[in-house]
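One structure below.
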Amino acid sequence: MPGRRESFVVALLLSLIVIVGVEARGKKWVPRSSDGTLIYTFECNSSDVQQKFYIADDGSFNIRSKADDKCLDIEAWSTSDGATIWIYTCHPDSQPENQQWTFDTTSEWAPILSKMDGKCVDISNWGASDGSLVWQWTYNGQDNQLWHYDATNNFFISKWSGLCLRVGMEPVPTCQDAPLNTYTYCNPYLPVGQRVDDLISRMTLEEKMGQMVNSAPPISHLGIPAYDWWTECLHGILTSCGTNCPTSFPEGPALGATFNMSGILEMMQAVSTEGRSLHNEGIGGLDYWGPNINLIRDPRWGRNQESPSEDPYLQSQYAINYIRGMQEGEDTRYAKTVATCKHYAGNSLESWNGYDRYSFDAKISDTDLEYSYLPAFEACVREGRARSIMCAYNAVNGIPCCASEELLQIMLRDQWGFTGYITSDCDAVSCIYNNHHYTDTPEDTCAVAVKAGTDLDCGTFYSYLPSTVDEGKLSEDDINLAIKRLFTQRFELGMFDPDDIQVYTGYGPELVDSAYHQQLALQIARESMVLLQNNGILPLSKDVSVAVIGPNANAPSTYLGNYYGQRCHDGSYSCMQSIFSAIQSKAASAVYAKGCDINSQDTSGFQAAVNAAKSADVAVLVMGIDNSIESEGLDRYTTSLPGVQESLVETVYATGTPIIVVLVNGGALSIEWIKANVPGILEAFYSGQSEAQAVADVLFGDYNPGGKMPYTVYPSDYVNQIPLTEMGMSVTPGRTYRYYTGTPLWPFGWGLSYTNFSLTWYDPQASLPEVVNTLQTTYYRVNVTNTGTLAGDEVVLAYVTENAAAGAIKQLFGFDRVHLEPGETKSVEFFAALGNTNKPLIHTANGTPTTIQFEAQQNTLVHHFKAI
């Protein structure tokens, strides 16, 4: 479908049920077939009651199923394009508008229009086969949005496909049913490769080509169920609630700020557990399109909120632990889930100054590719062993990523050893032809994409595969290779095997948002908090009165960032705390005043903010941005606070009441005036469902902050010095801490604590070598000591700071987060693989001076040597 993009965010409706669970296996959970059952299109069958609907004539504007008298319904009252249509118990007395439709029965073909948002019932991806999903989309009068009502049979018939609306999928036989249970591919004890080859040999060429799209249709005679390869898990499962709602963990930069990779691994183990549990309830798939490991190279990029860092080493460690947490589990015979590293490669522009991601050609030098843009993807494959990669919309050096043999075959498969499948970003195959104009015909486009290695089209452009094969531009062997990669993953996920021999099929709903997962989300949110500035105002005493002010003070949905699942059963965010309510629960008293909106010139709320501040001992201003400022498809032009937010801070500051600023954001914010005048500044990022409590815990000293900035915070005029389209890392004034030559507001790795730390050599008497052979690994051991009076965490960072590879000013090669009680000392070990043949740390080995530096708080240790 034109306009379908990866940005689809799901939030679905169920009544509020809260079950506190434990991390243990339950019985197999039966997929729901009543409320929440999705609507598809199938060949019209007058004996199938699931295809029969009637238009209510009682003034309710309902369209009801004759099977059970339930209503056609839009998920969670969503007004987004791509919100699915399902069947749900009619609720005429409680917000009925998402079940109200208009349809002109006097016209031969007419749209089914929602009275809530004016959008229409639409066949996703222009599906023309059995099992095509139905969703809502902005009405454009095209054939996949037009229907005929057959009052005799009670059918809604599609003008596009001739198929009928149906509640749910038709049952498909399984490998446990005769005669399928006699086929080689249905024997769970044979090697996967043998089973896949047998299955492919039984499929027609047309059936194979039909499987190379994200919404793959069923093949009933082979027991292949319909499958949608597209589910998201950026920082939690992006689906509807089942019995419980998926946990929403901190996002991107917040996770990078923890510098705690064991925490990332534990988090993704929790996420994959929830993914399996929800799948067992019939919600979501088992292939997840995350993590986003594109480099945070420029603060204006709209999707900085999704990525952990500007540093390629930190990105790489994040990717490895994320992937392992998603894919590896207790049942080593099967993949727990499939994770997808995206967006490969050089993807960090949405829409800026006339450029867009669908047609942008990223000009990147070989050096920048090797040392900046690709290390995380290489780590994702070599060490994370990712099963899937997503190729990006953009081109790199003139070749669209999804058509690039250099990227997808030579580098990814031949050099790094990738064996999984490659999916396009959604509509990226279409972009090869329609946006990059790289090919002359749709058939040429399909040929170049498939031959380069794009096995799966998230979109509909592979509908041209049959004509591509007819024209001799692809062979059946080309198709077979892609299908083998795809079905290998489905077999290794256990999709064709009996439930009773698998562990993951027994995961029950009690594992979703369990007490353990809730506590984990809170702990990671706490660890992500970065104390940027503290001139003695923090932590606060609990006997103070607090004025909580600002556009993000009472905005819990903002704390989730993007790509999050349904948080509360009723479709709202009422089950979440706001930062105001969290502060209110700790302070002697608290009042709230919004002051202003995120991006508005309206100052009418200033007086209420002033009055609140004057009535309190301290004012906490919760400022920042949200998805109206930075998001997929939306880059920024400025890094300053939008609207009148800074004026609000200045106005409240002028009251004389002491103030603290809390920032809620993804990409960096340039706040020169605030830094110069405000005594306490806390960076909170988008930290998920527990952000409010984490912020309050830090402000009142119930948690000692230990997060470090995962990116550089540049001055506001940085955006005037280099265009967003410039991909060069070392182009003046330089990108990231590795190349930036200016003075940042806060550097990469910055973060304060309520206690103090010292850093010393483990053995101060030992002499460090003056000459180091760069073909060997150098071992370092340092002590970090808590010299203060409070327990706390400190992150020790290890850099090459002189003669670093690729001309970098400084390059991280190790880090470790340690927790220390007052007076406690712990040793931290680092291995500097100076001569790593893939990514050497230093520039040369010809005797030039080189420095290794360790940093903790404001302490440094250095080792100067000559490299040979």
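Every chain in the structure tokens takes a letter, A first, then B, and so on in the order presented; its residues are numbered from 1, and the ligands are numbered from 1 following the presented order.
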Inset, instruction - Extract the full set of alpha helix (DSSP H) residues from region 549-698 of chain A according to DSSP on the backbone, and format it as a PyMOL selection string. - result: chain A and resi 579-584+606-614+645-653+672-677+691-698
Quick one: write out the picked residues with N, CA and C atoms as a short mmCIF file (atom, residue, chain, number, x, y, z; two decimals), in the first residue's frame?
```
data_model
loop_
_atom_site.label_atom_id
_atom_site.label_comp_id
_atom_site.auth_asym_id
_atom_site.auth_seq_id
_atom_site.Cartn_x
_atom_site.Cartn_y
_atom_site.Cartn_z
N ILE A 579 5.42 12.08 36.37
CA ILE A 579 6.50 12.58 37.24
C ILE A 579 5.91 13.42 38.37
N PHE A 580 4.85 14.16 38.06
CA PHE A 580 4.20 14.93 39.13
C PHE A 580 3.66 14.02 40.22
N SER A 581 2.95 12.96 39.84
CA SER A 581 2.36 12.09 40.86
C SER A 581 3.44 11.35 41.65
N ALA A 582 4.56 11.01 40.99
CA ALA A 582 5.65 10.33 41.69
C ALA A 582 6.30 11.26 42.71
N ILE A 583 6.49 12.53 42.34
CA ILE A 583 7.05 13.51 43.28
C ILE A 583 6.06 13.76 44.42
N GLN A 584 4.78 13.84 44.06
CA GLN A 584 3.73 14.07 45.06
C GLN A 584 3.74 12.98 46.13
N PHE A 606 1.85 30.76 32.11
CA PHE A 606 3.01 31.18 32.90
C PHE A 606 2.63 31.63 34.30
N GLN A 607 1.53 32.37 34.41
CA GLN A 607 1.18 32.93 35.73
C GLN A 607 0.86 31.83 36.73
N ALA A 608 0.17 30.79 36.26
CA ALA A 608 -0.12 29.67 37.16
C ALA A 608 1.17 28.99 37.59
N ALA A 609 2.14 28.92 36.69
CA ALA A 609 3.43 28.33 37.04
C ALA A 609 4.16 29.20 38.06
N VAL A 610 4.12 30.50 37.87
CA VAL A 610 4.74 31.43 38.82
C VAL A 610 4.10 31.30 40.20
N ASN A 611 2.77 31.26 40.24
CA ASN A 611 2.05 31.14 41.52
C ASN A 611 2.42 29.84 42.22
N ALA A 612 2.51 28.76 41.44
CA ALA A 612 2.88 27.47 42.03
C ALA A 612 4.29 27.51 42.61
N ALA A 613 5.21 28.12 41.85
CA ALA A 613 6.60 28.21 42.32
C ALA A 613 6.70 29.04 43.59
N LYS A 614 5.99 30.15 43.64
CA LYS A 614 6.06 31.01 44.81
C LYS A 614 5.48 30.33 46.05
N GLN A 645 9.41 27.12 26.07
CA GLN A 645 9.84 26.38 27.27
C GLN A 645 10.97 27.09 28.01
N GLU A 646 11.97 27.56 27.28
CA GLU A 646 13.07 28.22 27.98
C GLU A 646 12.59 29.51 28.65
N SER A 647 11.68 30.20 28.01
CA SER A 647 11.11 31.40 28.63
C SER A 647 10.37 31.05 29.92
N LEU A 648 9.70 29.91 29.92
CA LEU A 648 9.03 29.46 31.15
C LEU A 648 10.05 29.21 32.25
N VAL A 649 11.16 28.57 31.92
CA VAL A 649 12.19 28.31 32.92
C VAL A 649 12.72 29.63 33.47
N GLU A 650 13.00 30.58 32.58
CA GLU A 650 13.52 31.87 33.01
C GLU A 650 12.52 32.60 33.90
N THR A 651 11.24 32.49 33.55
CA THR A 651 10.20 33.18 34.32
C THR A 651 10.08 32.59 35.72
N VAL A 652 10.11 31.27 35.83
CA VAL A 652 10.03 30.63 37.14
C VAL A 652 11.31 30.90 37.94
N TYR A 653 12.44 30.91 37.27
CA TYR A 653 13.72 31.21 37.92
C TYR A 653 13.68 32.60 38.56
N GLU A 672 21.91 26.15 26.91
CA GLU A 672 22.99 26.98 27.44
C GLU A 672 22.56 27.82 28.64
N TRP A 673 21.42 28.50 28.53
CA TRP A 673 20.99 29.38 29.62
C TRP A 673 20.70 28.57 30.87
N ILE A 674 20.06 27.45 30.70
CA ILE A 674 19.72 26.60 31.85
C ILE A 674 20.99 26.09 32.53
N LYS A 675 21.96 25.68 31.74
CA LYS A 675 23.22 25.21 32.33
C LYS A 675 23.90 26.32 33.12
N ALA A 676 23.84 27.54 32.61
CA ALA A 676 24.52 28.66 33.26
C ALA A 676 23.82 29.13 34.52
N ASN A 677 22.54 28.82 34.69
CA ASN A 677 21.77 29.43 35.77
C ASN A 677 21.07 28.46 36.72
N GLU A 691 9.62 5.56 34.37
CA GLU A 691 10.40 6.79 34.39
C GLU A 691 10.03 7.70 35.55
N ALA A 692 8.75 7.83 35.81
CA ALA A 692 8.32 8.77 36.84
C ALA A 692 8.91 8.39 38.20
N GLN A 693 8.81 7.12 38.57
CA GLN A 693 9.36 6.71 39.86
C GLN A 693 10.87 6.85 39.88
N ALA A 694 11.53 6.51 38.77
CA ALA A 694 12.99 6.62 38.72
C ALA A 694 13.43 8.07 38.92
N VAL A 695 12.75 9.01 38.28
CA VAL A 695 13.08 10.43 38.44
C VAL A 695 12.90 10.86 39.89
N ALA A 696 11.76 10.50 40.47
CA ALA A 696 11.50 10.89 41.86
C ALA A 696 12.50 10.25 42.81
N ASP A 697 12.85 8.99 42.56
CA ASP A 697 13.83 8.32 43.41
C ASP A 697 15.17 9.06 43.40
N VAL A 698 15.59 9.53 42.22
CA VAL A 698 16.85 10.25 42.13
C VAL A 698 16.74 11.62 42.78
#
```
Inset, instruction - Please provide as a PyMOL selection string all residues within 9 Å of Leu641 (chain A), with the sequence filter that same-chain residues fewer than 2 positions apart are discarded (counting only C-alpha atoms). - result: chain A and resi 598-599+623-625+638-639+643-646+669-671
Legend entry - Nearby residues (only C-alpha atoms) at most 10 Å from Tyr88 (chain A), same-chain spacing under 2 positions excluded, as a ChimeraX atom specification: /A:13-14,34-38,64-65,68-75,85-86,90-91,99
Store the residues picked out above, limited to N, CA, C and O atoms, as a PDB file, in the first residue's frame.
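Listed below is the output, selection-v8.pdb:
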```pdb
ATOM      1  N   LEU A  13      -7.257  -2.630  22.550  1.00  0.00           N
ATOM      2  CA  LEU A  13      -8.179  -2.454  23.673  1.00  0.00           C
ATOM      3  C   LEU A  13      -8.594  -3.770  24.303  1.00  0.00           C
ATOM      4  O   LEU A  13      -9.037  -4.653  23.617  1.00  0.00           O
ATOM      5  N   LEU A  14      -8.438  -3.919  25.600  1.00  0.00           N
ATOM      6  CA  LEU A  14      -9.069  -4.975  26.382  1.00  0.00           C
ATOM      7  C   LEU A  14      -9.444  -4.370  27.724  1.00  0.00           C
ATOM      8  O   LEU A  14      -8.907  -3.343  28.125  1.00  0.00           O
ATOM      9  N   SER A  34     -12.276 -14.810  20.201  1.00  0.00           N
ATOM     10  CA  SER A  34     -13.475 -14.005  20.405  1.00  0.00           C
ATOM     11  C   SER A  34     -13.103 -12.535  20.358  1.00  0.00           C
ATOM     12  O   SER A  34     -12.694 -12.048  19.301  1.00  0.00           O
ATOM     13  N   ASP A  35     -13.234 -11.802  21.461  1.00  0.00           N
ATOM     14  CA  ASP A  35     -12.855 -10.398  21.449  1.00  0.00           C
ATOM     15  C   ASP A  35     -11.401 -10.267  20.998  1.00  0.00           C
ATOM     16  O   ASP A  35     -10.504 -10.943  21.519  1.00  0.00           O
ATOM     17  N   GLY A  36     -11.171  -9.374  20.040  1.00  0.00           N
ATOM     18  CA  GLY A  36      -9.821  -9.155  19.552  1.00  0.00           C
ATOM     19  C   GLY A  36      -9.431 -10.030  18.379  1.00  0.00           C
ATOM     20  O   GLY A  36      -8.299  -9.925  17.900  1.00  0.00           O
ATOM     21  N   THR A  37     -10.335 -10.894  17.900  1.00  0.00           N
ATOM     22  CA  THR A  37     -10.012 -11.702  16.720  1.00  0.00           C
ATOM     23  C   THR A  37      -9.975 -10.793  15.494  1.00  0.00           C
ATOM     24  O   THR A  37     -10.927 -10.048  15.225  1.00  0.00           O
ATOM     25  N   LEU A  38      -8.898 -10.848  14.755  1.00  0.00           N
ATOM     26  CA  LEU A  38      -8.700  -9.942  13.627  1.00  0.00           C
ATOM     27  C   LEU A  38      -9.563 -10.331  12.430  1.00  0.00           C
ATOM     28  O   LEU A  38     -10.028 -11.466  12.307  1.00  0.00           O
ATOM     29  N   ARG A  64     -22.300  -6.076  12.436  1.00  0.00           N
ATOM     30  CA  ARG A  64     -22.190  -7.168  13.394  1.00  0.00           C
ATOM     31  C   ARG A  64     -21.975  -8.510  12.703  1.00  0.00           C
ATOM     32  O   ARG A  64     -22.465  -8.740  11.595  1.00  0.00           O
ATOM     33  N   SER A  65     -21.232  -9.378  13.400  1.00  0.00           N
ATOM     34  CA  SER A  65     -21.018 -10.735  12.918  1.00  0.00           C
ATOM     35  C   SER A  65     -22.242 -11.581  13.205  1.00  0.00           C
ATOM     36  O   SER A  65     -22.770 -11.572  14.324  1.00  0.00           O
ATOM     37  N   ASP A  68     -21.680 -14.411  16.157  1.00  0.00           N
ATOM     38  CA  ASP A  68     -21.826 -14.214  17.602  1.00  0.00           C
ATOM     39  C   ASP A  68     -22.370 -12.836  17.963  1.00  0.00           C
ATOM     40  O   ASP A  68     -22.393 -12.464  19.132  1.00  0.00           O
ATOM     41  N   ASP A  69     -22.790 -12.080  16.953  1.00  0.00           N
ATOM     42  CA  ASP A  69     -23.413 -10.768  17.152  1.00  0.00           C
ATOM     43  C   ASP A  69     -22.456  -9.733  17.724  1.00  0.00           C
ATOM     44  O   ASP A  69     -22.883  -8.718  18.269  1.00  0.00           O
ATOM     45  N   LYS A  70     -21.131  -9.967  17.565  1.00  0.00           N
ATOM     46  CA  LYS A  70     -20.165  -8.970  17.993  1.00  0.00           C
ATOM     47  C   LYS A  70     -19.941  -7.938  16.894  1.00  0.00           C
ATOM     48  O   LYS A  70     -20.316  -8.147  15.744  1.00  0.00           O
ATOM     49  N   CYS A  71     -19.307  -6.828  17.271  1.00  0.00           N
ATOM     50  CA  CYS A  71     -19.215  -5.663  16.390  1.00  0.00           C
ATOM     51  C   CYS A  71     -17.852  -5.557  15.707  1.00  0.00           C
ATOM     52  O   CYS A  71     -16.807  -5.858  16.289  1.00  0.00           O
ATOM     53  N   LEU A  72     -17.886  -5.069  14.460  1.00  0.00           N
ATOM     54  CA  LEU A  72     -16.668  -4.653  13.771  1.00  0.00           C
ATOM     55  C   LEU A  72     -16.120  -3.439  14.518  1.00  0.00           C
ATOM     56  O   LEU A  72     -16.857  -2.488  14.784  1.00  0.00           O
ATOM     57  N   ASP A  73     -14.833  -3.450  14.838  1.00  0.00           N
ATOM     58  CA  ASP A  73     -14.285  -2.543  15.849  1.00  0.00           C
ATOM     59  C   ASP A  73     -12.862  -2.150  15.436  1.00  0.00           C
ATOM     60  O   ASP A  73     -12.120  -2.958  14.893  1.00  0.00           O
ATOM     61  N   ILE A  74     -12.464  -0.892  15.729  1.00  0.00           N
ATOM     62  CA  ILE A  74     -11.090  -0.433  15.494  1.00  0.00           C
ATOM     63  C   ILE A  74     -10.308  -0.574  16.800  1.00  0.00           C
ATOM     64  O   ILE A  74     -10.747  -0.102  17.847  1.00  0.00           O
ATOM     65  N   GLU A  75      -9.141  -1.210  16.713  1.00  0.00           N
ATOM     66  CA  GLU A  75      -8.304  -1.413  17.891  1.00  0.00           C
ATOM     67  C   GLU A  75      -8.087  -0.135  18.683  1.00  0.00           C
ATOM     68  O   GLU A  75      -7.613   0.864  18.150  1.00  0.00           O
ATOM     69  N   ILE A  85      -8.450  -3.914  12.214  1.00  0.00           N
ATOM     70  CA  ILE A  85      -9.884  -4.082  12.442  1.00  0.00           C
ATOM     71  C   ILE A  85     -10.076  -5.462  13.045  1.00  0.00           C
ATOM     72  O   ILE A  85      -9.503  -6.446  12.579  1.00  0.00           O
ATOM     73  N   TRP A  86     -10.881  -5.535  14.085  1.00  0.00           N
ATOM     74  CA  TRP A  86     -11.150  -6.827  14.705  1.00  0.00           C
ATOM     75  C   TRP A  86     -12.615  -6.903  15.091  1.00  0.00           C
ATOM     76  O   TRP A  86     -13.391  -5.981  14.855  1.00  0.00           O
ATOM     77  N   CYS A  90     -19.931  -5.639  21.505  1.00  0.00           N
ATOM     78  CA  CYS A  90     -20.475  -4.299  21.253  1.00  0.00           C
ATOM     79  C   CYS A  90     -20.591  -3.542  22.578  1.00  0.00           C
ATOM     80  O   CYS A  90     -21.002  -4.110  23.599  1.00  0.00           O
ATOM     81  N   HIS A  91     -20.215  -2.254  22.550  1.00  0.00           N
ATOM     82  CA  HIS A  91     -20.282  -1.446  23.769  1.00  0.00           C
ATOM     83  C   HIS A  91     -20.988  -0.128  23.459  1.00  0.00           C
ATOM     84  O   HIS A  91     -20.381   0.946  23.450  1.00  0.00           O
ATOM     85  N   GLN A  99     -16.852   1.612  16.946  1.00  0.00           N
ATOM     86  CA  GLN A  99     -17.643   0.510  16.394  1.00  0.00           C
ATOM     87  C   GLN A  99     -18.750   1.028  15.472  1.00  0.00           C
ATOM     88  O   GLN A  99     -19.645   0.277  15.085  1.00  0.00           O
TER      89      GLN A  99
END
```
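Counting only C-alpha atoms, Pro308 (chain A) has the following residues at most 8 Å away, ignoring those fewer than 2 positions along the same chain: A:Glu251, A:Gly252, A:Pro253, A:Ala254, A:Leu255, A:Gly256, A:Ala257, A:Ile293, A:Ile296, A:Asn304, A:Gln305, A:Glu306, A:Glu310, A:Leu314, A:Gln315, A:Tyr318, A:Pro710.
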Inset, instruction - Pull the strand (DSSP E) assignments for region 24-254 of chain A out of DSSP run on the backbone, and list those residues as a ChimeraX atom specification. - result: /A:37-42,53-55,63-65,71-74,85-88,101-102,113-114,120-123,132-137,147-150,155-158,164-167,215-216,227-228
Legend entry - Ile809 (chain A) surroundings by only C-alpha atoms, 12 Å radius, close-in-sequence under 5 positions cut, as a ChimeraX atom specification: /A:729-730,734-742,799-804,841-843,850-851
Inset, instruction - Using only C-alpha atoms, pick whichever of A:Trp126, A:Tyr433, A:Leu408, A:Pro299 has the shortest atom-to-atom distance to Pro715 (chain A). - result: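 With only C-alpha atoms as the atom set, the closest residue is A:Pro299.
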Legend entry - Who sits within 7 Å of Tyr573 (chain A), only C-alpha atoms, same chain under 5 positions skipped, as a ChimeraX atom specification: /A:556-557,567-568
Inset, instruction - For each of A:Gly707, A:Tyr227, A:Glu206, A:Pro171, take the minimum atom-to-atom distance to Asp470 (chain A), counting only C-alpha atoms, then give the residue where this is smallest. - result: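 Smallest separation from Asp470 (chain A) among the options: A:Glu206.
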Legend entry - Residues near Leu699 (chain A), cut-off 12 Å, only C-alpha atoms, skip fewer than 2 positions along chain, as a PyMOL selection string: chain A and resi 526+529-531+534+536-542+544+546+579+582-584+586-587+618-620+659-662+680-684+692-697+701-705+753-754
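The closest residue to Ala178 (chain A), picked from A:Thr152, A:His221, A:Thr105, A:Gly847 and counting only C-alpha atoms, is A:His221.
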Which region 390-419 of chain A residues have any atom within 8 Å of an atom of region 357-376 of chain A, and for each, what is the nearest pair of atoms with distance in Å to one decimal, counting only C-alpha atoms, rows sorted by chain and number, as CSV?
```
residue,atom,partner,partner_atom,distance
A:Tyr393,CA,A:Tyr358,CA,5.1
A:Asn394,CA,A:Phe360,CA,5.1
A:Ala395,CA,A:Asp361,CA,4.5
A:Val396,CA,A:Ala362,CA,4.8
A:Asn397,CA,A:Lys363,CA,4.9
A:Gly398,CA,A:Asp361,CA,6.0
A:Ile399,CA,A:Asp361,CA,7.8
A:Pro400,CA,A:Asp361,CA,7.7
```
